[in-house]
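Undergrad: I have a structure here, written as structure tokens, and I will follow up with some questions on it.
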Amino acid sequence: MNRITQLFKEKKNNILSIYYTAGYPGLGDTVAIAEALQKAGADMLEIGFPYSDPVADGPVIQATSKQALDNGMDLNLLFEQLKELRKNVTIPVLLMGYVNPVLQYGVENFCKACAAVGIDGCIVPDLPMVEYEEFYKDAFLENGLSNIFLVTPQTSVERIHKIDGLSNGFIYLLSASATTGKNLEVSDTTTTYFSRIAEMNLNNPTLIGFGINSKETFNKACKYANGGIIGTAFVKALHAGYLEENISEFMKEFTS
């Protein structure tokens with residue numbers, strides 16, 4: 001049982017996962033941010049590896065990705081940094097990014113590198129499900145990695161059940177089919193969508209992402225899923241520096 005599975009077994013609701021970009025704001029900040037987030041009460045972390053064409057990301061995360069690349073971040077350096085991760089960080093940690101850098105690194109090598117530094121899962125939104133199932137599933141499973149699939153309001157019931165069958169961690173529910181950084185607006189349409197997913201009684205737990213930027217929006221997400229994912233709002237908080245102080249202050253809103 002990996003750390004993701006263990007987390008959802010021990011905590012059923014109000015799970016708080018935080019996304020940030022490796023190598024931002026400073027090239028050497030990756031592990032320090034992880035340690036500070038755990039100390040401040042995060043349940044799970046998603047570390048983004050930067051890419052030059054982050055089409056699904058909003059302008060804030062795009063800017064952090066560019067800054068991280070300009071700082072010199074790449075997968076080789078990230079895995080080197082993450083050798084220090086498990087000295088102090090015990091909560092689940094995932095890597096999130098686009099498929100192109102993973103293919104360049106080599107999928108099997110990528111999975112082995114993840115396992116070697118204690119990564120529990122990956123979110124690769126543009127990795128086609130059929131390719132994962134046919135070519136890469138074994139490499140993920142052999143290295144104890146959960147591959148996290150995304151569901152949008154337009155995802156068919158048939159595809160959702162297929163995703164549920166392939167998943168072994170959680171399912172990432174996008175609040176809308178848009179780029180990151182939008183506000184979570186629980187309209188009649190999104191309420192129907194979230195309720196429909198909840199009523200499917202999926203085998204895997206769910207987390208809602210995109211647009212969670214306050215305790216109010218986090219609580220809304222937790223009404224319909226096991227928890228929420230915060231990205232854009234958190235990386236904005238990192239911009240000012242003073243990492244541990246800023247992280248502690250940011251997290252108080254969600255953990256108090």
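Identifiers in the structure tokens: chain A, B, ... in order shown; residue index from 1 per chain; ligand index from 1 in order shown.
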Show me a table, sorted first by chain and then by increasing residue number, of the residues of stretch 133-154 of chain A having an atom at most 9 Å from stretch 193-208 of chain A, each with its shortest atom pair and the distance in Å to one decimal, counting only C-alpha atoms and written as JSON lines.

TA:
```
{"residue": "A:Thr152", "atom": "CA", "partner": "A:Tyr193", "partner_atom": "CA", "distance": 8.8}
{"residue": "A:Pro153", "atom": "CA", "partner": "A:Tyr193", "partner_atom": "CA", "distance": 5.9}
{"residue": "A:Gln154", "atom": "CA", "partner": "A:Tyr193", "partner_atom": "CA", "distance": 8.9}
```

Undergrad: Store the residues picked out above in a file with N, CA and C atoms, as an mmCIF file, in the first residue's frame.

TA:
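So the final result, stored in part26.cif, reads:
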```
data_model
loop_
_atom_site.group_PDB
_atom_site.id
_atom_site.type_symbol
_atom_site.label_atom_id
_atom_site.label_comp_id
_atom_site.auth_asym_id
_atom_site.auth_seq_id
_atom_site.Cartn_x
_atom_site.Cartn_y
_atom_site.Cartn_z
ATOM 1 N N THR A 152 -13.327 15.696 -16.568
ATOM 2 C CA THR A 152 -13.914 17.021 -16.754
ATOM 3 C C THR A 152 -15.434 16.895 -16.804
ATOM 4 N N PRO A 153 -16.146 18.023 -16.792
ATOM 5 C CA PRO A 153 -17.611 17.945 -16.900
ATOM 6 C C PRO A 153 -18.085 17.273 -18.182
ATOM 7 N N GLN A 154 -17.218 17.222 -19.198
ATOM 8 C CA GLN A 154 -17.613 16.622 -20.478
ATOM 9 C C GLN A 154 -17.249 15.139 -20.585
#
```

Undergrad: Per DSSP on the backbone, what are the alpha helix (DSSP H) residues of stretch 116-224 of chain A, as a PyMOL selection string?

TA: chain A and resi 116-117+129-131+137-142+157-166+188-199+215-224

Undergrad: One decimal, in Å: what's the spacing between atom CA of A:Val31 and atom CA of A:Ile247?

TA: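 Distance between the two atoms: 13.3 Å.
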
Undergrad: Pick out each residue of stretch 40-160 of chain A that DSSP on the backbone tags as strand (DSSP E); I need them as a PyMOL selection string.

TA: chain A and resi 44-48+93-96+121-123+146-147+150-151

Undergrad: Determine the nearest neighbour of A:Asp126 from the options A:Gln62, A:Thr192, A:Asp53, A:Lys11, counting only C-alpha atoms.

TA: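 Once distances to A:Asp126 are computed over only C-alpha atoms, the minimum belongs to A:Asp53.
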
Undergrad: Identify, on the basis of only C-alpha atoms, every residue whose closest approach to A:Glu84 does not exceed 12 Å; exclude the query and any residue fewer than 6 positions from it along the same chain; express the result as a PyMOL selection string.

TA: chain A and resi 28-32+34-35+78+90+116-119

Undergrad: With a distance cut-off of 10 Å and only C-alpha atoms, select the neighbouring residues of A:Glu253, excluding the residue or stretch itself and same-chain residues fewer than 5 positions from it, and output the selection as a list in words.

TA: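 In the requested form, the answer reads Ser214, Lys215, Glu216 and Ser248 of chain A.
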
Undergrad: Residues at most 12 Å from A:Gly48, counting only C-alpha atoms, excluding those fewer than 6 positions away in the same chain, as a PyMOL selection string?

TA: chain A and resi 18-24+30+34+54+57+61-62+64-65+68-69+73-75+78+93-98+101+122-125+231-232+235

Undergrad: Could you write out that same residue set with C-alpha atoms as a tab-separated table (two decimals), in the first residue's frame?

TA:
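Output (result-v4.tsv):
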```tsv
chain	number	residue	atom	x	y	z
A	18	ILE	CA	-1.02	21.50	-2.70
A	19	TYR	CA	0.59	21.99	-6.11
A	20	TYR	CA	3.76	23.96	-6.73
A	21	THR	CA	6.38	24.16	-9.47
A	22	ALA	CA	9.81	22.61	-8.89
A	23	GLY	CA	12.59	25.20	-9.11
A	24	TYR	CA	10.32	28.16	-8.25
A	30	THR	CA	11.86	22.34	-4.12
A	34	ALA	CA	7.73	20.33	0.59
A	54	PRO	CA	2.20	24.32	-20.57
A	57	ASP	CA	-2.00	26.02	-17.22
A	61	ILE	CA	1.52	28.71	-13.28
A	62	GLN	CA	2.85	29.30	-16.81
A	64	THR	CA	6.35	29.86	-12.61
A	65	SER	CA	7.17	27.19	-15.17
A	68	ALA	CA	11.86	27.51	-13.16
A	69	LEU	CA	13.19	26.68	-16.62
A	73	MET	CA	15.27	23.19	-13.60
A	74	ASP	CA	14.88	19.96	-15.55
A	75	LEU	CA	13.98	16.37	-14.69
A	78	LEU	CA	14.67	17.51	-9.99
A	93	VAL	CA	4.08	13.26	-3.03
A	94	LEU	CA	3.22	13.18	-6.72
A	95	LEU	CA	4.95	14.61	-9.76
A	96	MET	CA	2.79	16.51	-12.24
A	97	GLY	CA	3.68	17.63	-15.73
A	98	TYR	CA	3.38	17.12	-19.44
A	101	PRO	CA	9.64	15.59	-20.93
A	122	CYS	CA	2.15	10.97	-11.24
A	123	ILE	CA	-0.31	13.25	-12.99
A	124	VAL	CA	0.42	13.54	-16.70
A	125	PRO	CA	-2.71	15.15	-18.17
A	231	GLY	CA	-2.27	25.34	-7.10
A	232	THR	CA	-2.46	28.87	-8.49
A	235	VAL	CA	2.23	29.67	-6.08
```

Undergrad: Could you check which of A:Gly106, A:Asn226, A:Gly72, A:Gly169 is closest to A:Gly26, using only C-alpha atoms?

TA: A:Gly72

Undergrad: I need the residue nearest A:Asn168 from this list: A:Val102, A:Leu150, A:Leu141, A:Ile33. Use only C-alpha atoms for the distance.

TA: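 Of the candidates, the smallest distance to A:Asn168 is held by A:Leu141.
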
Undergrad: Rounded to one decimal in Å, what is the spacing between atom CA of A:Ala237 and atom CA of A:Leu85?

TA: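 So the answer is 21.8 Å.
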
Undergrad: Using only C-alpha atoms, which residue out of A:Gly211, A:Gly121, A:Gly41, A:Pro50 lies closest to A:Met251?

TA: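 Looking only at the distances to A:Met251, the closest residue turns out to be A:Gly41.
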
Undergrad: Using only C-alpha atoms, determine which residues lie at most 9 Å from A:Asp120, disregarding the query and same-chain residues fewer than 5 positions distant; provide the list as a list in words.

TA: Asn2, Arg3, Ile4, Pro92, Val93, Leu94, Leu95, Cys114, Ala115, Gly144, Leu145 and Ser146 of chain A

Undergrad: Store the residues of this selection in a file with C-alpha atoms, as a PDB file, in the first residue's frame.

TA:
```pdb
ATOM      1  CA  ASN A   2       1.604   3.265  -1.065  1.00  0.00           C
ATOM      2  CA  ARG A   3       1.249   6.546   0.793  1.00  0.00           C
ATOM      3  CA  ILE A   4      -1.639   7.787  -1.365  1.00  0.00           C
ATOM      4  CA  PRO A  92       2.283  11.426  -0.233  1.00  0.00           C
ATOM      5  CA  VAL A  93       4.085  13.261  -3.034  1.00  0.00           C
ATOM      6  CA  LEU A  94       3.220  13.183  -6.721  1.00  0.00           C
ATOM      7  CA  LEU A  95       4.948  14.613  -9.764  1.00  0.00           C
ATOM      8  CA  CYS A 114      10.338   8.323  -9.168  1.00  0.00           C
ATOM      9  CA  ALA A 115      10.440   5.136  -7.121  1.00  0.00           C
ATOM     10  CA  GLY A 144       4.589   1.411  -7.101  1.00  0.00           C
ATOM     11  CA  LEU A 145       3.319   4.558  -8.832  1.00  0.00           C
ATOM     12  CA  SER A 146      -0.300   5.630  -9.035  1.00  0.00           C
TER      13      SER A 146
END
```

Undergrad: Quick one: residues within 12 Å of A:Val130, only C-alpha atoms, excluding same-chain residues fewer than 2 positions away - as a PyMOL selection string?

TA: chain A and resi 126-128+132-137+149+159+162-163+166

Undergrad: Can you work out the spacing between atom CA of A:Cys222 and atom CA of A:Leu16 in Å, to one decimal?

TA: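 These two atoms are separated by 9.5 Å.
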